[in-house]
Structures are given as C-alpha cells and as structure tokens.
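Data block for start_33.cif (mmCIF, C-alpha atoms and all ligand atoms):
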data_run
#
loop_
_atom_site.label_atom_id
_atom_site.label_comp_id
_atom_site.auth_asym_id
_atom_site.auth_seq_id
_atom_site.Cartn_x
_atom_site.Cartn_y
_atom_site.Cartn_z
CA MET W 536 15.18 4.00 -38.67
CA LYS W 537 14.09 6.59 -36.08
CA ARG W 538 16.51 8.81 -34.15
CA ILE W 539 15.48 8.79 -30.52
CA LEU W 540 16.75 10.86 -27.60
CA VAL W 541 16.46 9.31 -24.12
CA THR W 542 17.22 11.76 -21.29
CA GLY W 543 18.22 9.93 -18.11
CA GLY W 544 19.22 7.07 -20.42
CA ALA W 545 21.94 5.76 -18.09
CA GLY W 546 19.51 5.23 -15.23
CA PHE W 547 17.51 2.17 -14.25
CA ILE W 548 14.52 2.64 -16.59
CA GLY W 549 16.44 4.61 -19.23
CA SER W 550 19.05 1.89 -19.78
CA HIS W 551 16.37 -0.75 -20.41
CA LEU W 552 14.55 1.60 -22.75
CA CYS W 553 17.73 2.42 -24.73
CA GLU W 554 18.45 -1.29 -25.07
CA ARG W 555 14.93 -2.07 -26.35
CA LEU W 556 14.92 0.85 -28.80
CA LEU W 557 18.27 -0.29 -30.22
CA ASN W 558 16.97 -3.87 -30.53
CA GLU W 559 14.06 -2.47 -32.51
CA LYS W 560 16.57 -0.95 -34.95
CA ASN W 561 16.43 2.68 -33.91
CA GLU W 562 19.29 5.10 -33.48
CA VAL W 563 19.56 6.07 -29.81
CA LEU W 564 21.08 9.17 -28.28
CA CYS W 565 21.43 8.68 -24.53
CA LEU W 566 21.79 11.87 -22.47
CA ASP W 567 22.68 11.76 -18.78
CA ASN W 568 24.53 13.74 -16.12
CA PHE W 569 25.27 10.52 -14.17
CA PHE W 570 23.79 11.82 -10.92
CA THR W 571 22.06 8.52 -10.17
CA GLY W 572 22.70 6.65 -13.40
CA SER W 573 25.98 5.02 -14.30
CA LYS W 574 28.04 3.96 -17.27
CA SER W 575 27.88 0.38 -16.06
CA ASN W 576 24.15 0.36 -16.94
CA ILE W 577 24.87 1.06 -20.60
CA VAL W 578 28.44 -0.17 -21.07
CA HIS W 579 27.14 -3.14 -23.07
CA LEU W 580 25.60 -0.72 -25.59
CA LEU W 581 28.69 1.40 -26.19
CA ASN W 582 30.00 -0.76 -29.04
CA ASN W 583 26.76 -0.42 -30.98
CA PRO W 584 27.34 2.14 -33.79
CA TYR W 585 23.71 3.25 -33.49
CA PHE W 586 24.16 4.22 -29.84
CA GLU W 587 25.59 7.56 -28.71
CA LEU W 588 26.21 8.76 -25.17
CA VAL W 589 26.26 12.44 -24.17
CA ARG W 590 27.13 13.75 -20.71
CA HIS W 591 24.77 16.67 -20.27
CA ASP W 592 22.50 18.19 -17.63
CA VAL W 593 18.92 18.81 -18.77
CA ILE W 594 18.75 22.07 -16.83
CA SER W 595 20.85 23.51 -19.70
CA PRO W 596 19.46 23.67 -23.25
CA PHE W 597 20.45 20.87 -25.60
CA PHE W 598 20.25 20.67 -29.39
CA ALA W 599 20.07 17.60 -31.59
CA GLU W 600 18.05 16.44 -34.57
CA VAL W 601 15.82 13.57 -33.44
CA ASP W 602 12.34 12.22 -34.20
CA GLU W 603 11.32 11.30 -30.66
CA ILE W 604 12.30 12.27 -27.11
CA TYR W 605 11.72 10.20 -23.97
CA ASN W 606 12.23 12.62 -21.05
CA LEU W 607 13.30 10.44 -18.11
CA ALA W 608 16.04 12.59 -16.53
CA CYS W 609 15.25 13.03 -12.83
CA PRO W 610 16.35 11.23 -9.67
CA ALA W 611 13.50 8.90 -8.70
CA SER W 612 14.19 7.48 -5.26
CA PRO W 613 13.28 9.54 -2.17
CA ILE W 614 16.83 9.64 -0.78
CA HIS W 615 18.23 10.77 -4.13
CA TYR W 616 15.59 13.38 -4.94
CA GLN W 617 15.70 14.75 -1.37
CA TYR W 618 19.52 15.01 -1.42
CA ASN W 619 19.38 18.32 -3.33
CA PRO W 620 15.70 19.23 -3.52
CA ILE W 621 16.20 22.53 -5.37
CA LYS W 622 18.14 20.70 -8.06
CA THR W 623 15.35 18.11 -8.26
CA THR W 624 12.74 20.77 -8.99
CA LYS W 625 15.09 22.43 -11.49
CA THR W 626 15.64 19.10 -13.24
CA SER W 627 11.91 18.47 -13.62
CA VAL W 628 10.87 21.99 -14.53
CA MET W 629 13.85 23.40 -16.46
CA GLY W 630 14.48 19.96 -17.96
CA ALA W 631 10.89 19.90 -19.25
CA ILE W 632 11.18 23.45 -20.64
CA ASN W 633 14.44 22.64 -22.41
CA MET W 634 13.24 19.36 -23.87
CA LEU W 635 9.85 20.80 -24.89
CA GLY W 636 11.63 23.74 -26.54
CA LEU W 637 13.76 21.26 -28.45
CA ALA W 638 10.72 19.19 -29.45
CA LYS W 639 8.94 22.34 -30.64
CA ARG W 640 11.91 23.49 -32.70
CA ILE W 641 12.61 20.14 -34.39
CA LYS W 642 8.95 18.96 -34.45
CA ALA W 643 9.74 15.81 -32.46
CA LYS W 644 7.27 13.77 -30.45
CA ILE W 645 8.03 13.93 -26.72
CA LEU W 646 7.08 11.62 -23.85
CA GLN W 647 7.28 12.66 -20.20
CA ALA W 648 8.09 10.11 -17.49
CA SER W 649 5.62 11.39 -14.93
CA THR W 650 4.75 9.52 -11.78
CA SER W 651 2.07 8.19 -9.46
CA GLU W 652 3.57 10.65 -6.95
CA ILE W 653 1.54 13.40 -8.60
CA TYR W 654 -1.42 11.81 -6.74
CA GLY W 655 0.44 12.34 -3.43
CA ASP W 656 -1.12 10.49 -0.48
CA PRO W 657 -4.28 9.62 -2.42
CA GLU W 658 -7.80 9.92 -1.07
CA GLN W 659 -9.11 8.05 -4.11
CA HIS W 660 -8.34 4.36 -4.44
CA PRO W 661 -7.38 2.98 -6.92
CA GLN W 662 -6.11 6.11 -8.62
CA LYS W 663 -7.61 7.17 -11.95
CA GLU W 664 -6.13 9.72 -14.32
CA ASP W 665 -8.88 12.27 -13.60
CA TYR W 666 -7.99 12.38 -9.88
CA TRP W 667 -6.17 15.67 -9.08
CA GLY W 668 -4.18 14.31 -6.17
CA HIS W 669 -3.42 15.15 -2.56
CA VAL W 670 0.08 16.58 -2.41
CA ASN W 671 1.76 18.56 0.37
CA PRO W 672 3.42 21.47 -1.49
CA VAL W 673 5.89 22.15 1.34
CA GLY W 674 6.70 18.61 2.46
CA ILE W 675 9.87 16.58 1.94
CA ARG W 676 8.45 14.95 -1.21
CA ALA W 677 7.31 18.26 -2.73
CA CYS W 678 10.48 18.86 -4.77
CA TYR W 679 9.72 15.69 -6.71
CA ASP W 680 5.91 15.68 -6.66
CA GLU W 681 5.41 19.35 -7.49
CA GLY W 682 8.27 19.34 -10.00
CA LYS W 683 6.60 16.47 -11.84
CA ARG W 684 3.18 18.15 -11.59
CA CYS W 685 4.59 21.35 -13.06
CA ALA W 686 6.22 19.32 -15.84
CA GLU W 687 2.79 17.87 -16.70
CA THR W 688 1.44 21.45 -16.85
CA LEU W 689 4.26 22.51 -19.16
CA PHE W 690 3.73 19.51 -21.44
CA THR W 691 0.00 20.28 -21.63
CA ASP W 692 0.57 23.97 -22.37
CA TYR W 693 3.19 23.29 -25.06
CA LYS W 694 0.57 21.08 -26.70
CA ILE W 695 -2.14 23.76 -26.45
CA GLN W 696 0.02 26.77 -27.29
CA ASN W 697 2.54 25.31 -29.74
CA ASN W 698 0.93 22.09 -30.88
CA VAL W 699 3.88 20.01 -29.68
CA ARG W 700 3.12 16.27 -29.92
CA ILE W 701 3.20 15.18 -26.29
CA LYS W 702 2.59 12.01 -24.25
CA ILE W 703 2.41 11.88 -20.45
CA ALA W 704 2.99 8.51 -18.72
CA ARG W 705 2.20 8.32 -15.00
CA ILE W 706 4.53 5.53 -13.95
CA PHE W 707 3.81 3.55 -10.77
CA ASN W 708 6.50 1.81 -8.66
CA THR W 709 8.76 -0.09 -11.04
CA TYR W 710 11.56 -2.49 -10.13
CA GLY W 711 14.06 -4.79 -11.81
CA PRO W 712 17.73 -5.34 -12.62
CA ARG W 713 19.94 -2.21 -12.69
CA MET W 714 18.18 -0.50 -9.82
CA HIS W 715 20.85 1.26 -7.81
CA PRO W 716 21.70 -1.02 -4.83
CA ASN W 717 21.81 1.96 -2.43
CA ASP W 718 19.06 4.12 -3.78
CA GLY W 719 16.78 3.38 -0.87
CA ARG W 720 13.77 2.15 -2.83
CA VAL W 721 11.94 -0.63 -1.14
CA VAL W 722 12.49 -3.52 -3.56
CA SER W 723 16.23 -2.97 -3.96
CA ASN W 724 16.65 -2.25 -0.23
CA PHE W 725 14.90 -5.45 0.86
CA ILE W 726 16.72 -7.67 -1.65
CA VAL W 727 20.17 -6.26 -0.82
CA GLN W 728 19.49 -6.47 2.94
CA ALA W 729 18.23 -10.06 2.60
CA LEU W 730 21.23 -11.15 0.51
CA GLU W 731 23.67 -9.53 2.94
CA GLY W 732 21.90 -11.02 5.98
CA LYS W 733 21.19 -7.54 7.38
CA PRO W 734 17.88 -6.58 9.03
CA ILE W 735 15.02 -5.79 6.64
CA SER W 736 14.10 -2.13 7.26
CA ILE W 737 10.35 -1.60 7.39
CA PHE W 738 9.24 2.02 7.72
CA GLY W 739 6.11 2.31 9.85
CA LYS W 740 4.15 -0.86 10.53
CA GLY W 741 4.49 -2.19 6.98
CA ASN W 742 0.76 -2.00 6.30
CA GLN W 743 1.16 0.75 3.69
CA THR W 744 0.69 -0.59 0.16
CA ARG W 745 2.35 -0.27 -3.23
CA SER W 746 1.72 -1.96 -6.58
CA PHE W 747 4.95 -3.17 -8.17
CA GLN W 748 5.55 -3.29 -11.90
CA TYR W 749 8.41 -5.19 -13.54
CA ILE W 750 10.64 -3.12 -15.82
CA ASP W 751 9.88 -5.06 -19.04
CA ASP W 752 6.16 -4.35 -18.69
CA LEU W 753 6.87 -0.65 -18.30
CA VAL W 754 9.19 -0.45 -21.32
CA ASN W 755 6.53 -2.16 -23.48
CA ALA W 756 3.94 0.40 -22.38
CA LEU W 757 6.20 3.43 -22.93
CA ILE W 758 6.93 2.40 -26.52
CA LEU W 759 3.25 1.65 -27.21
CA LEU W 760 2.35 5.06 -25.79
CA MET W 761 4.92 6.87 -27.94
CA ASN W 762 3.40 5.16 -30.99
CA THR W 763 -0.21 6.21 -30.31
CA ASP W 764 -1.96 8.75 -32.55
CA ASP W 765 -0.99 12.38 -32.05
CA SER W 766 -4.51 13.00 -30.75
CA PHE W 767 -3.79 10.84 -27.67
CA THR W 768 -1.63 12.66 -25.13
CA GLY W 769 -2.46 11.04 -21.77
CA PRO W 770 -1.91 11.42 -18.87
CA ILE W 771 -2.10 7.66 -18.66
CA ASN W 772 -1.37 5.38 -15.69
CA ILE W 773 1.27 2.73 -16.35
CA GLY W 774 1.58 0.26 -13.52
CA ASN W 775 0.71 -3.16 -12.21
CA PRO W 776 -2.61 -3.05 -10.34
CA LYS W 777 -1.71 -5.95 -8.04
CA GLU W 778 -1.37 -4.31 -4.63
CA PHE W 779 0.83 -5.59 -1.76
CA THR W 780 1.58 -4.36 1.73
CA ILE W 781 5.22 -3.59 2.43
CA MET W 782 5.17 -6.37 5.04
CA GLU W 783 4.02 -8.86 2.38
CA LEU W 784 6.88 -7.74 0.15
CA ALA W 785 9.39 -8.20 2.99
CA GLU W 786 8.11 -11.72 3.69
CA LYS W 787 8.27 -12.65 0.01
CA VAL W 788 11.84 -11.39 -0.37
CA ILE W 789 13.00 -13.22 2.78
CA LYS W 790 11.41 -16.45 1.54
CA MET W 791 12.70 -16.18 -2.01
CA THR W 792 16.28 -15.39 -0.97
CA GLY W 793 16.25 -18.01 1.82
CA SER W 794 17.58 -15.25 4.06
CA LYS W 795 17.86 -15.37 7.85
CA SER W 796 17.40 -11.60 8.09
CA GLU W 797 15.06 -10.38 10.78
CA ILE W 798 12.60 -7.54 10.28
CA LYS W 799 13.40 -4.21 11.97
CA PHE W 800 10.90 -1.35 12.24
CA TYR W 801 11.80 2.33 11.72
CA PRO W 802 9.64 5.50 11.86
CA LEU W 803 7.57 6.18 8.77
CA PRO W 804 8.98 9.17 6.83
CA SER W 805 6.60 12.14 6.62
CA ASP W 806 4.11 12.32 3.74
CA ASP W 807 4.73 8.65 2.88
CA PRO W 808 1.62 7.64 0.85
CA ASN W 809 -0.53 5.11 2.69
CA ARG W 810 -1.92 3.29 -0.34
CA ARG W 811 -1.15 3.20 -4.02
CA GLN W 812 -2.74 1.25 -6.83
CA PRO W 813 -3.23 2.27 -10.45
CA ASP W 814 -6.51 2.05 -12.29
CA ILE W 815 -5.21 0.95 -15.70
CA SER W 816 -8.49 0.84 -17.64
CA LEU W 817 -7.27 3.64 -19.93
CA ALA W 818 -4.00 1.82 -20.73
CA LYS W 819 -5.88 -1.43 -21.40
CA LYS W 820 -8.23 0.34 -23.77
CA THR W 821 -5.83 2.71 -25.53
CA LEU W 822 -2.59 0.72 -25.62
CA LYS W 823 -4.15 -2.76 -25.54
CA TRP W 824 -1.61 -3.34 -22.79
CA GLU W 825 -1.51 -4.78 -19.34
CA PRO W 826 1.40 -6.01 -17.22
CA ILE W 827 2.22 -9.69 -17.67
CA VAL W 828 5.11 -10.29 -15.25
CA PRO W 829 3.92 -11.48 -11.81
CA LEU W 830 5.77 -10.22 -8.73
CA GLU W 831 7.45 -13.58 -7.97
CA LYS W 832 8.87 -13.86 -11.49
CA GLY W 833 10.13 -10.26 -11.53
CA LEU W 834 11.57 -10.57 -8.04
CA LYS W 835 13.46 -13.71 -9.03
CA LYS W 836 15.16 -11.91 -11.93
CA THR W 837 15.95 -8.94 -9.71
CA ILE W 838 17.34 -11.15 -6.92
CA ASP W 839 19.55 -12.96 -9.47
CA TYR W 840 20.82 -9.60 -10.71
CA PHE W 841 21.75 -8.39 -7.22
CA LYS W 842 23.37 -11.75 -6.38
CA ASN W 843 25.75 -11.12 -9.29
CA THR W 844 26.43 -7.46 -8.61
CA ILE W 845 26.74 -6.86 -4.87
P1 LIG E 901 17.16 6.64 -11.98
O1 LIG E 901 17.58 7.53 -10.89
O2 LIG E 901 17.78 5.30 -12.09
O3 LIG E 901 17.34 7.36 -13.40
C1 LIG E 901 17.29 8.74 -13.59
C2 LIG E 901 18.40 9.12 -14.56
O4 LIG E 901 18.34 10.53 -14.81
C3 LIG E 901 19.78 8.82 -14.01
O5 LIG E 901 20.56 8.20 -15.00
C4 LIG E 901 20.33 10.20 -13.65
O6 LIG E 901 21.74 10.26 -13.68
C5 LIG E 901 19.66 11.05 -14.69
N1 LIG E 901 19.53 12.47 -14.30
C6 LIG E 901 19.10 12.95 -13.11
N2 LIG E 901 19.12 14.29 -13.12
C7 LIG E 901 19.57 14.66 -14.36
C8 LIG E 901 19.83 15.90 -14.98
N3 LIG E 901 19.62 17.07 -14.33
N4 LIG E 901 20.29 15.91 -16.26
C9 LIG E 901 20.52 14.75 -16.91
N5 LIG E 901 20.31 13.53 -16.36
C10 LIG E 901 19.83 13.49 -15.10
O7 LIG E 901 15.58 6.51 -11.87
P2 LIG E 901 14.55 5.64 -12.72
O8 LIG E 901 13.82 4.78 -11.77
O9 LIG E 901 15.23 5.05 -13.90
O10 LIG E 901 13.54 6.78 -13.18
C11 LIG E 901 13.55 7.32 -14.50
C12 LIG E 901 12.37 8.28 -14.67
O11 LIG E 901 11.15 7.60 -14.43
C13 LIG E 901 12.39 9.45 -13.67
O12 LIG E 901 11.97 10.61 -14.34
C14 LIG E 901 11.40 9.06 -12.63
O13 LIG E 901 10.80 10.18 -12.02
C15 LIG E 901 10.38 8.26 -13.45
N6 LIG E 901 9.64 7.30 -12.59
C16 LIG E 901 10.25 6.19 -12.11
C17 LIG E 901 9.53 5.32 -11.29
C18 LIG E 901 10.13 4.05 -10.73
O14 LIG E 901 9.45 3.35 -9.97
N7 LIG E 901 11.33 3.68 -11.06
C19 LIG E 901 8.20 5.59 -10.96
C20 LIG E 901 7.63 6.77 -11.47
C21 LIG E 901 8.36 7.61 -12.30
N1 LIG E 902 10.06 1.45 2.57
C1 LIG E 902 10.35 0.64 3.67
N2 LIG E 902 11.64 0.27 3.83
C2 LIG E 902 12.66 0.67 3.03
C3 LIG E 902 12.33 1.49 1.91
C4 LIG E 902 11.04 1.88 1.74
O1 LIG E 902 9.47 0.24 4.42
O2 LIG E 902 13.80 0.25 3.25
C5 LIG E 902 8.66 1.85 2.36
C6 LIG E 902 8.44 3.34 2.18
O3 LIG E 902 8.24 3.96 3.43
C7 LIG E 902 7.21 3.36 1.31
C8 LIG E 902 7.33 2.10 0.45
O4 LIG E 902 8.24 1.26 1.13
O5 LIG E 902 6.05 3.26 2.10
C9 LIG E 902 7.84 2.36 -0.96
O6 LIG E 902 9.00 3.13 -0.86
P1 LIG E 902 9.87 3.53 -2.14
O7 LIG E 902 10.89 4.51 -1.66
O8 LIG E 902 10.35 2.32 -2.84
O9 LIG E 902 8.84 4.22 -3.13
P2 LIG E 902 7.74 5.37 -2.96
O10 LIG E 902 7.51 5.68 -1.51
O11 LIG E 902 8.30 6.53 -3.69
O12 LIG E 902 6.55 4.77 -3.57
#
Before we go any further, please render this structure as structure tokens.
Amino acid sequence: MKRILVTGGAGFIGSHLCERLLNEKNEVLCLDNFFTGSKSNIVHLLNNPYFELVRHDVISPFFAEVDEIYNLACPASPIHYQYNPIKTTKTSVMGAINMLGLAKRIKAKILQASTSEIYGDPEQHPQKEDYWGHVNPVGIRACYDEGKRCAETLFTDYKIQNNVRIKIARIFNTYGPRMHPNDGRVVSNFIVQALEGKPISIFGKGNQTRSFQYIDDLVNALILLMNTDDSFTGPINIGNPKEFTIMELAEKVIKMTGSKSEIKFYPLPSDDPNRRQPDISLAKKTLKWEPIVPLEKGLKKTIDYFKNTI
C-alpha cells in the first residue's frame, strides 16, 4: 500500500484521481484550500479509513510522510486564475517549491500537473514537447502560464541539483463530471447554458480550436506516468488529439441536450489561443496510452452529471 499526497485533491481532476488511487488500494492524503474545489467533490470518500483530508494552502510549507505526490493545487479556469493573479503565481511557484522541498526531504516521487498553456498561443501545430511556446509574459493569462512554466523549471532543477524523482505532465483541456458549474470553462459553460435554456456564449467567431479530453483518460495517463522509470521525467503531453472548433462544440452540446438555446457572440478575451492540439506520440510510446473516450460519450456523462446537480 502506497501513501499518496494529492494537492488540489478536492478539485475537479484531483477528486477523480483520489477516488482512483483509493480504488487501487492506496492510502490517500488530500490537501486543498477549497479556493475552487469543494467538499462535495470528495464527500463520498470521507468514510474511507484510507482517505484523509487536510485544509492547507500550498504556499505554506507542509510536512507528511508519503511515497508519492501529485501536485495539482492551482485554479485552472481563466476566470478563477485571473481573480487574484498574484495568488495564482504564488500558488504555482511557491507551491512547487514547498512540494519539491517535501519530496526532496522524504525522497518521494513527485508529479506536476502542468498545462498546454505553457505553449501559449502556439505557432507550432500540433504542439510537441520540444516546442518552447509563445506566451505573453505581461498578458492576462501570464499569471497562470508563466507560473506553470516556472514550476516546470523548478521541477527540472530539483531533479538536476537534488536528484528528486520528478514527472511533468502537460495536460490539455480536460472535462467531465465535477467541473465547477460556474468556473467559466467552455464545456461546463455550454452545458449549463444549454440545460438552463440560456444563450450559448461564444467568444470571438467560434473558429478557435481546442482538443477535449475526458477525465478518465487523463487519470489513467497520470497514474501510468507516475509509475514510469525514474529515468523518465517528461515533460509529456497528455490530451486527446481530436480537435474541434468552439462552434462545433456549441452545436454538439445544443443537439445532445435538445436545448432551444440560441448562440450569442461576445468579444474574444485577449491572448486567447487560436488553436490547440497535442502531439501525443511520446505518451503513446512511453506510457502505451492514448485516450479512448470519444467526445460524444464524455459529453453525455458530463451532461447527465450537470442535469443532476444544477
Ligand atoms: P480545479 O480548480 O477544479 O482544481 C484545483 C484545486 O486546487 C481546487 O480544489 C482548489 O481549491 C485547489 N487549490 C487552488 N489553489 C490552492 C492552494 N494555494 N493551496 C491548496 N489548494 C489549492 O481545477 P482542475 O481542472 O481540477 O485542475 C487541477 C490541476 O490540473 C491544476 O493544476 C491545473 O492547472 C491542471 N490542469 C487542468 C486542466 C484542465 O483542463 N482541467 C488542463 C491543464 C492543467
Ligand atoms: N469560450 C467560449 N465561451 C465560453 C467559454 C470559453 O467561447 O463561454 C472559448 C474561449 O474563448 C477559448 C475556448 O472556449 O477559446 C476554451 O476556453 P476554456 O476557458 O475552456 O479553456 P482555455 O482557453 O484555457 O483552453
């Protein structure tokens, strides 16, 4: 039985990861400050004697004896990470320093939830891990993008300088049950708007693209990555390479919910990436993994979830 710390464990991805790790007979310590996560995401785990919940902010040091750390703590949706941008950078950078310091001290393996946002508005398409990115360091997304980039630097340097066993996962847009209904991300926004009969808000013309990965595919990949040899550190892209325009997503959601919502256009926020699609050759080769849940199937499960919660 491994003892595993999941920071940001009460969030969307973290709660699914905690659940899977418990099902695989591990002991799970879930750490969260509940900024965007909530107890309702993990309430069903609280009776499990192998699950522990700690209210803590990763910008302060934390001590525990564990074998592995998944570092997920950080608001992930633009409206949440832009709400207090200084705190967002602190969470990524100081959170990484604190968790890496802990990993170094207790000799734990540590995985960083990095992001496709480190590629910014990419000039290379699809994006490969050796692409350095195109990020505006003073734009409205910088607190998140640059914070995550700096965290990757810290992970790499703790490996080089202190031989900490690190893994860096560059996660592409992921969706599924337990997304926050008001967190502003496109999949949850469109589903909630469609179910409530409100206009579907498209930013820009809707011809920008994203590649959407269902949560179960991501959780599989994160665990496979954690279990790779110490010599493999990443960064590694984890995402679904099937690319859709935002307009296509809106049409799919309207059709699948049977909604009468109309589409309403709003200005495109600044620095909004125009295209995004992962090259997952490295993940296929190293993890023997690729996503298996098609968009329609994942959307159906997510729509069912929101029907029951909103
Ligand atoms: P989320 O907002 O649902 O979860 C983040 C969790 O971290 C929340 O429970 C929040 O309360 C917690 N948290 C935030 N700041 C904290 C702090 N200072 N101390 C302790 N806990 C804190 O978002 P998510 O979609 O589950 O994302 C989880 C991780 O995955 C994030 O690091 C995010 O950057 C990364 N990621 C997510 C996506 C995606 O599409 N969902 C894509 C790329 C990367
Ligand atoms: N988007 C949109 N309507 C919304 C929310 C988002 O058109 O109600 C667009 C947004 O401008 C972006 C894409 O959908 O181009 C994905 O946005 P999201 O915030 O989900 O993720 P990210 O931009 O971080 O990839």
Q: Kindly extract all protein, DNA and RNA residues lying within 7 Å of the coordinates (-1.9, 2.5, -4.7) given in the file, considering all atoms listed in the file, and supply them as a PyMOL selection string.
A: chain W and resi 660-662+744-746+778+810-813
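With distances taken over all atoms listed in the file, W:Pro808 is the one residue among W:Lys622, W:Asn843, W:Pro808, W:Leu730 lying closest to W:Gln659.
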Listing only residues of stretch 605-715 of chain W within 8 Å of stretch 562-584 of chain W, what is the closest atom pair and its distance in Å (to one decimal) for each, using all atoms listed in the file, sorted by chain and residue number ascending, as a tab-separated table?
residue	atom	partner	partner_atom	distance
W:Ala608	CA	W:Asp567	CA	7.1
W:Pro610	CA	W:Thr571	CA	6.3
W:His615	CA	W:Thr571	CA	7.5
W:Arg713	CA	W:Asn576	CA	6.5
W:His715	CA	W:Thr571	CA	7.7
**Q.** Expected answer as a PyMOL selection string: residues within 6 Å of ligand LIG 901 (chain E), all atoms listed in the file
**A.** chain W and resi 543-549+567-572+591-594+607-611+626+648-650+706-709
(Q) Show me which residues are within 7 Å of ligand LIG 902 (chain E) counting only C-alpha atoms and all ligand atoms, and format the list as a PyMOL selection string. (A) chain W and resi 612-613+708+719-722+724-725+736-739+741+743-745+781+803-804+807-809
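Minimum atom-to-atom distance to W:Arg700, evaluated using all atoms listed in the file, belongs to W:Thr763 out of W:Tyr654, W:Ala756, W:Thr763, W:Ile726.
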Q) Looking at only C-alpha atoms, which of W:Asn558, W:Thr837, W:Thr542, W:Asn775 is the one that sits closest to W:Gln748? A) W:Asn775
Return as JSON lines the residues of stretch 714-777 of chain W lying at most 6 Å from stretch 786-798 of chain W, together with the closest atom-to-atom pair for each and the distance in Å to one decimal, counting all atoms listed in the file, with rows in chain order and ascending residue number.
{"residue": "W:Ala729", "atom": "CA", "partner": "W:Ser794", "partner_atom": "CA", "distance": 5.4}
{"residue": "W:Gly732", "atom": "CA", "partner": "W:Ser796", "partner_atom": "CA", "distance": 5.0}
{"residue": "W:Lys733", "atom": "CA", "partner": "W:Ser796", "partner_atom": "CA", "distance": 5.6}
{"residue": "W:Pro734", "atom": "CA", "partner": "W:Glu797", "partner_atom": "CA", "distance": 5.0}
{"residue": "W:Ile735", "atom": "CA", "partner": "W:Ile798", "partner_atom": "CA", "distance": 4.7}
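If you measure from each of W:Cys685, W:Ala599, W:Leu760, W:Ala638 to W:Asn697 using all atoms listed in the file, the closest one turns out to be W:Ala638.
Each of W:Ile771, W:Cys678, W:Lys740, W:Lys823 was checked against W:Phe800 using all atoms listed in the file; the smallest atom-to-atom distance is that of W:Lys740.
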